[in-house]
Amino acid sequence: MTTQQKTWVVNPKSRPKSPVPKMTKERLDKLAHELIEEEFRPRYVKQPRKNDKFNYIADIYTKWVRNCFYFCAEYRSPCLDDRSAKYEMKFARLEYLSSGKYILSYQRHNGQWWETDHNISAPKALRIISGGAWFTP
């Protein structure tokens, strides 16, 4: 007769999710749009060369998902059919804490998010993203 053994498992509490105020979202959207237009698009978005078979970055944009602000790159593949010709990769995340402070993270090669800075302001986070080697699309 087999009996099931009970084991204790650590169940950490998740961080409380603060709702992001509308003005904070608009301010961060504006700052991020300026960064994308001035630095990321000229540096990373290139037209594909003729007869090129490699994926390329077609666009860089941002989006909000709950209380997280993501920088995303849209990749396209010239050699696939239209259904699978493009895909999205997130490369930086700002998680809103409260009162204009964020947790800055980058996405590792295995898909996990790695936190680099805690409790930082939006302008400081965007400076780190623009100059950091971890935050490249």
# chains A, B, ... in the order shown; residues from 1 in each chain; ligands from 1
call {"tool": "residues_around", "arguments": {"residues": "Leu35 in chain A", "least_positions_apart": "3", "cutoff": "12 Å", "atoms": "only C-alpha atoms", "output": "list in words"}}
result
Leu28, Asp29, Lys30, Leu31, Ala32, Glu38, Glu39, Phe40, Arg41, Pro42, Arg43, Ile60, Tyr61, Thr62, Phe71, Ala122, Pro123, Ala125, Leu126, Arg127, Ile128, Ile129, Ser130 and Gly131 of chain A
call {"tool": "select_by_dssp", "arguments": {"residues": "range 30-136 of chain A", "states": "alpha helix (DSSP H)", "output": "JSON, numbers by chain"}}
result
{"A": [30, 31, 32, 33, 34, 35, 41, 42, 43, 44, 122, 123, 124, 125, 126, 127, 128, 129, 130, 131]}
call {"tool": "residues_around", "arguments": {"residues": "Lys25 in chain A", "least_positions_apart": "6", "cutoff": "10 Å", "atoms": "only C-alpha atoms", "output": "PyMOL selection string"}}
result
chain A and resi 64+67+69+96+100
call {"tool": "write_last_selection", "arguments": {"atoms": "C-alpha atoms", "output": "CSV table (one decimal), in the first residue's frame"}}
result
chain,number,residue,atom,x,y,z
A,64,TRP,CA,1.6,48.7,-21.9
A,67,ASN,CA,1.5,47.7,-15.0
A,69,PHE,CA,5.8,49.0,-20.1
A,96,TYR,CA,5.6,50.3,-12.4
A,100,GLY,CA,6.8,57.3,-10.7
call {"tool": "atom_distance", "arguments": {"atom1": "CA of Glu37 in chain A", "atom2": "CA of Gly132 in chain A"}}
result
17.2 Å
call {"tool": "atom_distance", "arguments": {"atom1": "CA of Lys46 in chain A", "atom2": "CA of Ala58 in chain A"}}
result
7.0 Å
call {"tool": "closest_residue", "arguments": {"among": "A:Glu74, A:Arg108, A:Cys79, A:Ser99", "to": "Lys50 in chain A", "atoms": "only C-alpha atoms"}}
result
A:Cys79
call {"tool": "atom_distance", "arguments": {"atom1": "CA of Pro48 in chain A", "atom2": "CA of Ser105 in chain A"}}
result
29.5 Å
call {"tool": "select_by_dssp", "arguments": {"residues": "chain A", "states": "strand (DSSP E or B)", "output": "ChimeraX atom specification"}}
result
/A:56-65,68-76,86-98,101-107,113-121
call {"tool": "residues_around", "arguments": {"residues": "Tyr87 in chain A", "least_positions_apart": "4", "cutoff": "12 Å", "atoms": "only C-alpha atoms", "output": "number ranges by chain"}}
result
A: 55-60, 72-77, 80, 82-83
call {"tool": "write_last_selection", "arguments": {"atoms": "C-alpha atoms", "output": "PDB file, in the first residue's frame"}}
result
ATOM      1  CA  ASN A  55      15.486  38.088 -40.321  1.00  0.00           C
ATOM      2  CA  TYR A  56      15.591  41.846 -39.905  1.00  0.00           C
ATOM      3  CA  ILE A  57      14.048  44.423 -37.590  1.00  0.00           C
ATOM      4  CA  ALA A  58      11.145  46.126 -39.337  1.00  0.00           C
ATOM      5  CA  ASP A  59       9.921  48.312 -36.458  1.00  0.00           C
ATOM      6  CA  ILE A  60      10.509  49.191 -32.806  1.00  0.00           C
ATOM      7  CA  CYS A  72       9.293  45.586 -28.550  1.00  0.00           C
ATOM      8  CA  ALA A  73      10.968  44.869 -31.857  1.00  0.00           C
ATOM      9  CA  GLU A  74       9.042  43.514 -34.841  1.00  0.00           C
ATOM     10  CA  TYR A  75      11.155  41.089 -36.841  1.00  0.00           C
ATOM     11  CA  ARG A  76      10.360  40.004 -40.373  1.00  0.00           C
ATOM     12  CA  SER A  77      11.603  37.080 -42.366  1.00  0.00           C
ATOM     13  CA  LEU A  80       8.664  32.721 -45.223  1.00  0.00           C
ATOM     14  CA  ASP A  82       2.916  35.864 -45.006  1.00  0.00           C
ATOM     15  CA  ARG A  83       1.419  34.117 -41.969  1.00  0.00           C
TER      16      ARG A  83
END
call {"tool": "residues_around", "arguments": {"residues": "Glu95 in chain A", "least_positions_apart": "3", "cutoff": "12 Å", "atoms": "only C-alpha atoms", "output": "NGL selection string"}}
result
:A and (15-20 or 25 or 28 or 64-71 or 92 or 98 or 100-106 or 113-122 or 125)
call {"tool": "write_last_selection", "arguments": {"atoms": "N, CA and C atoms", "output": "mmCIF file, in the first residue's frame"}}
result
data_model
loop_
_atom_site.group_PDB
_atom_site.id
_atom_site.type_symbol
_atom_site.label_atom_id
_atom_site.label_comp_id
_atom_site.auth_asym_id
_atom_site.auth_seq_id
_atom_site.Cartn_x
_atom_site.Cartn_y
_atom_site.Cartn_z
ATOM 1 N N ARG A 15 4.429 40.711 -5.609
ATOM 2 C CA ARG A 15 4.419 42.141 -5.340
ATOM 3 C C ARG A 15 3.018 42.698 -5.580
ATOM 4 N N PRO A 16 2.603 43.627 -4.739
ATOM 5 C CA PRO A 16 1.299 44.251 -5.009
ATOM 6 C C PRO A 16 1.381 45.072 -6.285
ATOM 7 N N LYS A 17 0.403 44.944 -7.120
ATOM 8 C CA LYS A 17 0.377 45.641 -8.403
ATOM 9 C C LYS A 17 -0.331 46.973 -8.233
ATOM 10 N N SER A 18 0.419 48.045 -8.416
ATOM 11 C CA SER A 18 -0.169 49.379 -8.329
ATOM 12 C C SER A 18 -0.746 49.759 -9.683
ATOM 13 N N PRO A 19 -1.951 50.279 -9.717
ATOM 14 C CA PRO A 19 -2.473 50.750 -11.005
ATOM 15 C C PRO A 19 -1.667 51.962 -11.468
ATOM 16 N N VAL A 20 -1.417 52.021 -12.749
ATOM 17 C CA VAL A 20 -0.605 53.099 -13.303
ATOM 18 C C VAL A 20 -1.514 54.285 -13.621
ATOM 19 N N LYS A 25 1.406 57.150 -17.539
ATOM 20 C CA LYS A 25 1.478 56.411 -18.802
ATOM 21 C C LYS A 25 1.781 57.342 -19.970
ATOM 22 N N LEU A 28 5.473 58.588 -19.865
ATOM 23 C CA LEU A 28 6.426 57.559 -20.265
ATOM 24 C C LEU A 28 6.304 57.250 -21.754
ATOM 25 N N TRP A 64 1.901 48.903 -23.335
ATOM 26 C CA TRP A 64 1.589 48.651 -21.930
ATOM 27 C C TRP A 64 0.845 47.329 -21.822
ATOM 28 N N VAL A 65 1.223 46.523 -20.865
ATOM 29 C CA VAL A 65 0.486 45.318 -20.491
ATOM 30 C C VAL A 65 0.376 45.354 -18.970
ATOM 31 N N ARG A 66 -0.842 45.568 -18.492
ATOM 32 C CA ARG A 66 -1.142 45.774 -17.070
ATOM 33 C C ARG A 66 -0.288 46.911 -16.514
ATOM 34 N N ASN A 67 0.634 46.615 -15.590
ATOM 35 C CA ASN A 67 1.464 47.674 -15.026
ATOM 36 C C ASN A 67 2.901 47.616 -15.548
ATOM 37 N N CYS A 68 3.110 46.956 -16.674
ATOM 38 C CA CYS A 68 4.443 46.853 -17.270
ATOM 39 C C CYS A 68 4.474 47.548 -18.630
ATOM 40 N N PHE A 69 5.566 48.240 -18.877
ATOM 41 C CA PHE A 69 5.784 48.969 -20.119
ATOM 42 C C PHE A 69 6.902 48.259 -20.870
ATOM 43 N N TYR A 70 6.611 47.788 -22.083
ATOM 44 C CA TYR A 70 7.561 46.982 -22.848
ATOM 45 C C TYR A 70 8.089 47.730 -24.064
ATOM 46 N N PHE A 71 9.362 47.541 -24.351
ATOM 47 C CA PHE A 71 9.956 47.927 -25.624
ATOM 48 C C PHE A 71 9.976 46.666 -26.476
ATOM 49 N N ALA A 92 12.998 45.025 -23.432
ATOM 50 C CA ALA A 92 13.145 45.778 -22.188
ATOM 51 C C ALA A 92 11.778 45.925 -21.542
ATOM 52 N N SER A 98 5.298 52.488 -7.844
ATOM 53 C CA SER A 98 4.406 53.540 -7.367
ATOM 54 C C SER A 98 5.150 54.862 -7.420
ATOM 55 N N GLY A 100 5.880 57.003 -9.668
ATOM 56 C CA GLY A 100 6.843 57.257 -10.737
ATOM 57 C C GLY A 100 8.129 56.450 -10.659
ATOM 58 N N LYS A 101 8.164 55.386 -9.908
ATOM 59 C CA LYS A 101 9.346 54.534 -9.788
ATOM 60 C C LYS A 101 9.092 53.209 -10.480
ATOM 61 N N TYR A 102 10.152 52.610 -11.025
ATOM 62 C CA TYR A 102 10.034 51.408 -11.846
ATOM 63 C C TYR A 102 11.115 50.387 -11.498
ATOM 64 N N ILE A 103 10.862 49.162 -11.926
ATOM 65 C CA ILE A 103 11.876 48.106 -11.934
ATOM 66 C C ILE A 103 12.244 47.888 -13.390
ATOM 67 N N LEU A 104 13.523 47.987 -13.711
ATOM 68 C CA LEU A 104 14.002 47.826 -15.081
ATOM 69 C C LEU A 104 14.516 46.412 -15.270
ATOM 70 N N SER A 105 14.068 45.746 -16.342
ATOM 71 C CA SER A 105 14.459 44.368 -16.639
ATOM 72 C C SER A 105 14.759 44.213 -18.118
ATOM 73 N N TYR A 106 15.583 43.234 -18.437
ATOM 74 C CA TYR A 106 15.816 42.871 -19.834
ATOM 75 C C TYR A 106 15.480 41.398 -20.010
ATOM 76 N N TRP A 113 12.924 37.190 -17.678
ATOM 77 C CA TRP A 113 13.228 38.594 -17.439
ATOM 78 C C TRP A 113 14.196 38.709 -16.279
ATOM 79 N N TRP A 114 15.258 39.495 -16.462
ATOM 80 C CA TRP A 114 16.290 39.682 -15.448
ATOM 81 C C TRP A 114 16.252 41.133 -14.994
ATOM 82 N N GLU A 115 16.012 41.332 -13.709
ATOM 83 C CA GLU A 115 15.910 42.683 -13.162
ATOM 84 C C GLU A 115 17.301 43.269 -12.964
ATOM 85 N N THR A 116 17.496 44.480 -13.470
ATOM 86 C CA THR A 116 18.803 45.127 -13.340
ATOM 87 C C THR A 116 18.782 46.282 -12.349
ATOM 88 N N ASP A 117 17.713 47.043 -12.333
ATOM 89 C CA ASP A 117 17.626 48.206 -11.446
ATOM 90 C C ASP A 117 16.255 48.252 -10.796
ATOM 91 N N HIS A 118 16.249 48.632 -9.513
ATOM 92 C CA HIS A 118 15.004 48.735 -8.747
ATOM 93 C C HIS A 118 14.784 50.173 -8.320
ATOM 94 N N ASN A 119 13.534 50.570 -8.276
ATOM 95 C CA ASN A 119 13.135 51.856 -7.722
ATOM 96 C C ASN A 119 13.829 53.032 -8.413
ATOM 97 N N ILE A 120 13.796 53.039 -9.746
ATOM 98 C CA ILE A 120 14.422 54.127 -10.499
ATOM 99 C C ILE A 120 13.355 54.927 -11.245
ATOM 100 N N SER A 121 13.701 56.140 -11.602
ATOM 101 C CA SER A 121 12.762 57.003 -12.314
ATOM 102 C C SER A 121 12.748 56.653 -13.798
ATOM 103 N N ALA A 122 11.739 57.130 -14.498
ATOM 104 C CA ALA A 122 11.600 56.850 -15.931
ATOM 105 C C ALA A 122 12.744 57.441 -16.750
ATOM 106 N N ALA A 125 15.816 55.289 -16.269
ATOM 107 C CA ALA A 125 15.639 53.986 -16.906
ATOM 108 C C ALA A 125 15.824 54.083 -18.416
#
call {"tool": "closest_residue", "arguments": {"among": "A:Tyr44, A:Asp52, A:Arg93, A:Lys124", "to": "Pro137 in chain A", "atoms": "only C-alpha atoms"}}
result
A:Tyr44
call {"tool": "closest_residue", "arguments": {"among": "A:Gln107, A:Ile36, A:Gln112, A:Ala133", "to": "Met89 in chain A", "atoms": "only C-alpha atoms"}}
result
A:Gln107
call {"tool": "decode", "arguments": {"residues": "range 8-51 of chain A", "atoms": "N, CA and C atoms", "output": "PDB file, in the first residue's frame"}}
result
ATOM      1  N   TRP A   8       6.251  20.461   2.164  1.00  0.00           N
ATOM      2  CA  TRP A   8       6.037  21.892   2.287  1.00  0.00           C
ATOM      3  C   TRP A   8       6.728  22.584   1.128  1.00  0.00           C
ATOM      4  N   VAL A   9       6.039  23.558   0.564  1.00  0.00           N
ATOM      5  CA  VAL A   9       6.578  24.311  -0.555  1.00  0.00           C
ATOM      6  C   VAL A   9       6.483  25.791  -0.221  1.00  0.00           C
ATOM      7  N   VAL A  10       7.548  26.522  -0.525  1.00  0.00           N
ATOM      8  CA  VAL A  10       7.536  27.955  -0.285  1.00  0.00           C
ATOM      9  C   VAL A  10       6.621  28.615  -1.308  1.00  0.00           C
ATOM     10  N   ASN A  11       5.728  29.432  -0.836  1.00  0.00           N
ATOM     11  CA  ASN A  11       4.803  30.137  -1.709  1.00  0.00           C
ATOM     12  C   ASN A  11       4.984  31.638  -1.480  1.00  0.00           C
ATOM     13  N   PRO A  12       5.947  32.256  -2.210  1.00  0.00           N
ATOM     14  CA  PRO A  12       6.210  33.668  -1.944  1.00  0.00           C
ATOM     15  C   PRO A  12       5.052  34.549  -2.393  1.00  0.00           C
ATOM     16  N   LYS A  13       4.839  35.613  -1.644  1.00  0.00           N
ATOM     17  CA  LYS A  13       3.786  36.551  -2.021  1.00  0.00           C
ATOM     18  C   LYS A  13       4.275  37.372  -3.199  1.00  0.00           C
ATOM     19  N   SER A  14       3.395  37.598  -4.132  1.00  0.00           N
ATOM     20  CA  SER A  14       3.762  38.423  -5.272  1.00  0.00           C
ATOM     21  C   SER A  14       3.712  39.891  -4.862  1.00  0.00           C
ATOM     22  N   ARG A  15       4.429  40.711  -5.609  1.00  0.00           N
ATOM     23  CA  ARG A  15       4.419  42.141  -5.340  1.00  0.00           C
ATOM     24  C   ARG A  15       3.018  42.698  -5.580  1.00  0.00           C
ATOM     25  N   PRO A  16       2.603  43.627  -4.739  1.00  0.00           N
ATOM     26  CA  PRO A  16       1.299  44.251  -5.009  1.00  0.00           C
ATOM     27  C   PRO A  16       1.381  45.072  -6.285  1.00  0.00           C
ATOM     28  N   LYS A  17       0.403  44.944  -7.120  1.00  0.00           N
ATOM     29  CA  LYS A  17       0.377  45.641  -8.403  1.00  0.00           C
ATOM     30  C   LYS A  17      -0.331  46.973  -8.233  1.00  0.00           C
ATOM     31  N   SER A  18       0.419  48.045  -8.416  1.00  0.00           N
ATOM     32  CA  SER A  18      -0.169  49.379  -8.329  1.00  0.00           C
ATOM     33  C   SER A  18      -0.746  49.759  -9.683  1.00  0.00           C
ATOM     34  N   PRO A  19      -1.951  50.279  -9.717  1.00  0.00           N
ATOM     35  CA  PRO A  19      -2.473  50.750 -11.005  1.00  0.00           C
ATOM     36  C   PRO A  19      -1.667  51.962 -11.468  1.00  0.00           C
ATOM     37  N   VAL A  20      -1.417  52.021 -12.749  1.00  0.00           N
ATOM     38  CA  VAL A  20      -0.605  53.099 -13.303  1.00  0.00           C
ATOM     39  C   VAL A  20      -1.514  54.285 -13.621  1.00  0.00           C
ATOM     40  N   PRO A  21      -1.212  55.467 -13.072  1.00  0.00           N
ATOM     41  CA  PRO A  21      -2.026  56.649 -13.392  1.00  0.00           C
ATOM     42  C   PRO A  21      -1.905  57.015 -14.869  1.00  0.00           C
ATOM     43  N   LYS A  22      -2.966  57.582 -15.392  1.00  0.00           N
ATOM     44  CA  LYS A  22      -3.018  57.921 -16.816  1.00  0.00           C
ATOM     45  C   LYS A  22      -1.920  58.911 -17.197  1.00  0.00           C
ATOM     46  N   MET A  23      -1.659  59.904 -16.362  1.00  0.00           N
ATOM     47  CA  MET A  23      -0.619  60.897 -16.660  1.00  0.00           C
ATOM     48  C   MET A  23       0.772  60.267 -16.684  1.00  0.00           C
ATOM     49  N   THR A  24       0.999  59.300 -15.817  1.00  0.00           N
ATOM     50  CA  THR A  24       2.290  58.602 -15.803  1.00  0.00           C
ATOM     51  C   THR A  24       2.472  57.816 -17.090  1.00  0.00           C
ATOM     52  N   LYS A  25       1.406  57.150 -17.539  1.00  0.00           N
ATOM     53  CA  LYS A  25       1.478  56.411 -18.802  1.00  0.00           C
ATOM     54  C   LYS A  25       1.781  57.342 -19.970  1.00  0.00           C
ATOM     55  N   GLU A  26       1.080  58.468 -20.026  1.00  0.00           N
ATOM     56  CA  GLU A  26       1.284  59.410 -21.124  1.00  0.00           C
ATOM     57  C   GLU A  26       2.691  59.981 -21.123  1.00  0.00           C
ATOM     58  N   ARG A  27       3.215  60.296 -19.948  1.00  0.00           N
ATOM     59  CA  ARG A  27       4.566  60.851 -19.844  1.00  0.00           C
ATOM     60  C   ARG A  27       5.604  59.838 -20.315  1.00  0.00           C
ATOM     61  N   LEU A  28       5.473  58.588 -19.865  1.00  0.00           N
ATOM     62  CA  LEU A  28       6.426  57.559 -20.265  1.00  0.00           C
ATOM     63  C   LEU A  28       6.304  57.250 -21.754  1.00  0.00           C
ATOM     64  N   ASP A  29       5.081  57.240 -22.271  1.00  0.00           N
ATOM     65  CA  ASP A  29       4.888  57.026 -23.718  1.00  0.00           C
ATOM     66  C   ASP A  29       5.623  58.097 -24.528  1.00  0.00           C
ATOM     67  N   LYS A  30       5.505  59.334 -24.089  1.00  0.00           N
ATOM     68  CA  LYS A  30       6.144  60.444 -24.813  1.00  0.00           C
ATOM     69  C   LYS A  30       7.663  60.319 -24.767  1.00  0.00           C
ATOM     70  N   LEU A  31       8.227  60.059 -23.583  1.00  0.00           N
ATOM     71  CA  LEU A  31       9.681  59.927 -23.446  1.00  0.00           C
ATOM     72  C   LEU A  31      10.215  58.744 -24.253  1.00  0.00           C
ATOM     73  N   ALA A  32       9.496  57.631 -24.221  1.00  0.00           N
ATOM     74  CA  ALA A  32       9.936  56.438 -24.955  1.00  0.00           C
ATOM     75  C   ALA A  32       9.836  56.658 -26.461  1.00  0.00           C
ATOM     76  N   HIS A  33       8.790  57.355 -26.904  1.00  0.00           N
ATOM     77  CA  HIS A  33       8.639  57.624 -28.340  1.00  0.00           C
ATOM     78  C   HIS A  33       9.813  58.474 -28.853  1.00  0.00           C
ATOM     79  N   GLU A  34      10.218  59.464 -28.056  1.00  0.00           N
ATOM     80  CA  GLU A  34      11.375  60.276 -28.435  1.00  0.00           C
ATOM     81  C   GLU A  34      12.646  59.428 -28.529  1.00  0.00           C
ATOM     82  N   LEU A  35      12.843  58.539 -27.577  1.00  0.00           N
ATOM     83  CA  LEU A  35      14.017  57.665 -27.594  1.00  0.00           C
ATOM     84  C   LEU A  35      14.009  56.760 -28.827  1.00  0.00           C
ATOM     85  N   ILE A  36      12.872  56.212 -29.146  1.00  0.00           N
ATOM     86  CA  ILE A  36      12.765  55.323 -30.307  1.00  0.00           C
ATOM     87  C   ILE A  36      13.041  56.092 -31.596  1.00  0.00           C
ATOM     88  N   GLU A  37      12.444  57.260 -31.736  1.00  0.00           N
ATOM     89  CA  GLU A  37      12.610  58.033 -32.971  1.00  0.00           C
ATOM     90  C   GLU A  37      14.032  58.548 -33.147  1.00  0.00           C
ATOM     91  N   GLU A  38      14.656  58.982 -32.062  1.00  0.00           N
ATOM     92  CA  GLU A  38      15.978  59.589 -32.164  1.00  0.00           C
ATOM     93  C   GLU A  38      17.117  58.581 -32.185  1.00  0.00           C
ATOM     94  N   GLU A  39      16.975  57.461 -31.466  1.00  0.00           N
ATOM     95  CA  GLU A  39      18.101  56.543 -31.334  1.00  0.00           C
ATOM     96  C   GLU A  39      17.853  55.147 -31.917  1.00  0.00           C
ATOM     97  N   PHE A  40      16.749  54.520 -31.525  1.00  0.00           N
ATOM     98  CA  PHE A  40      16.565  53.116 -31.893  1.00  0.00           C
ATOM     99  C   PHE A  40      16.265  52.906 -33.375  1.00  0.00           C
ATOM    100  N   ARG A  41      15.340  53.669 -33.927  1.00  0.00           N
ATOM    101  CA  ARG A  41      15.002  53.451 -35.344  1.00  0.00           C
ATOM    102  C   ARG A  41      16.181  53.720 -36.264  1.00  0.00           C
ATOM    103  N   PRO A  42      16.900  54.836 -36.122  1.00  0.00           N
ATOM    104  CA  PRO A  42      18.058  55.021 -37.015  1.00  0.00           C
ATOM    105  C   PRO A  42      19.135  53.953 -36.837  1.00  0.00           C
ATOM    106  N   ARG A  43      19.294  53.441 -35.634  1.00  0.00           N
ATOM    107  CA  ARG A  43      20.362  52.483 -35.363  1.00  0.00           C
ATOM    108  C   ARG A  43      20.001  51.051 -35.765  1.00  0.00           C
ATOM    109  N   TYR A  44      18.755  50.621 -35.528  1.00  0.00           N
ATOM    110  CA  TYR A  44      18.411  49.211 -35.686  1.00  0.00           C
ATOM    111  C   TYR A  44      17.479  48.881 -36.846  1.00  0.00           C
ATOM    112  N   VAL A  45      16.611  49.795 -37.223  1.00  0.00           N
ATOM    113  CA  VAL A  45      15.638  49.483 -38.278  1.00  0.00           C
ATOM    114  C   VAL A  45      16.280  49.774 -39.628  1.00  0.00           C
ATOM    115  N   LYS A  46      16.516  48.716 -40.388  1.00  0.00           N
ATOM    116  CA  LYS A  46      17.133  48.834 -41.705  1.00  0.00           C
ATOM    117  C   LYS A  46      16.269  48.112 -42.734  1.00  0.00           C
ATOM    118  N   GLN A  47      16.348  48.564 -43.953  1.00  0.00           N
ATOM    119  CA  GLN A  47      15.654  47.881 -45.042  1.00  0.00           C
ATOM    120  C   GLN A  47      16.425  46.604 -45.397  1.00  0.00           C
ATOM    121  N   PRO A  48      15.707  45.533 -45.727  1.00  0.00           N
ATOM    122  CA  PRO A  48      16.418  44.298 -46.086  1.00  0.00           C
ATOM    123  C   PRO A  48      17.147  44.454 -47.417  1.00  0.00           C
ATOM    124  N   ARG A  49      18.277  43.782 -47.500  1.00  0.00           N
ATOM    125  CA  ARG A  49      19.017  43.796 -48.762  1.00  0.00           C
ATOM    126  C   ARG A  49      18.385  42.804 -49.718  1.00  0.00           C
ATOM    127  N   LYS A  50      18.613  42.986 -50.996  1.00  0.00           N
ATOM    128  CA  LYS A  50      18.073  42.066 -51.994  1.00  0.00           C
ATOM    129  C   LYS A  50      18.663  40.681 -51.801  1.00  0.00           C
ATOM    130  N   ASN A  51      17.806  39.685 -51.983  1.00  0.00           N
ATOM    131  CA  ASN A  51      18.188  38.279 -51.872  1.00  0.00           C
ATOM    132  C   ASN A  51      18.753  37.931 -50.498  1.00  0.00           C
TER     133      ASN A  51
END
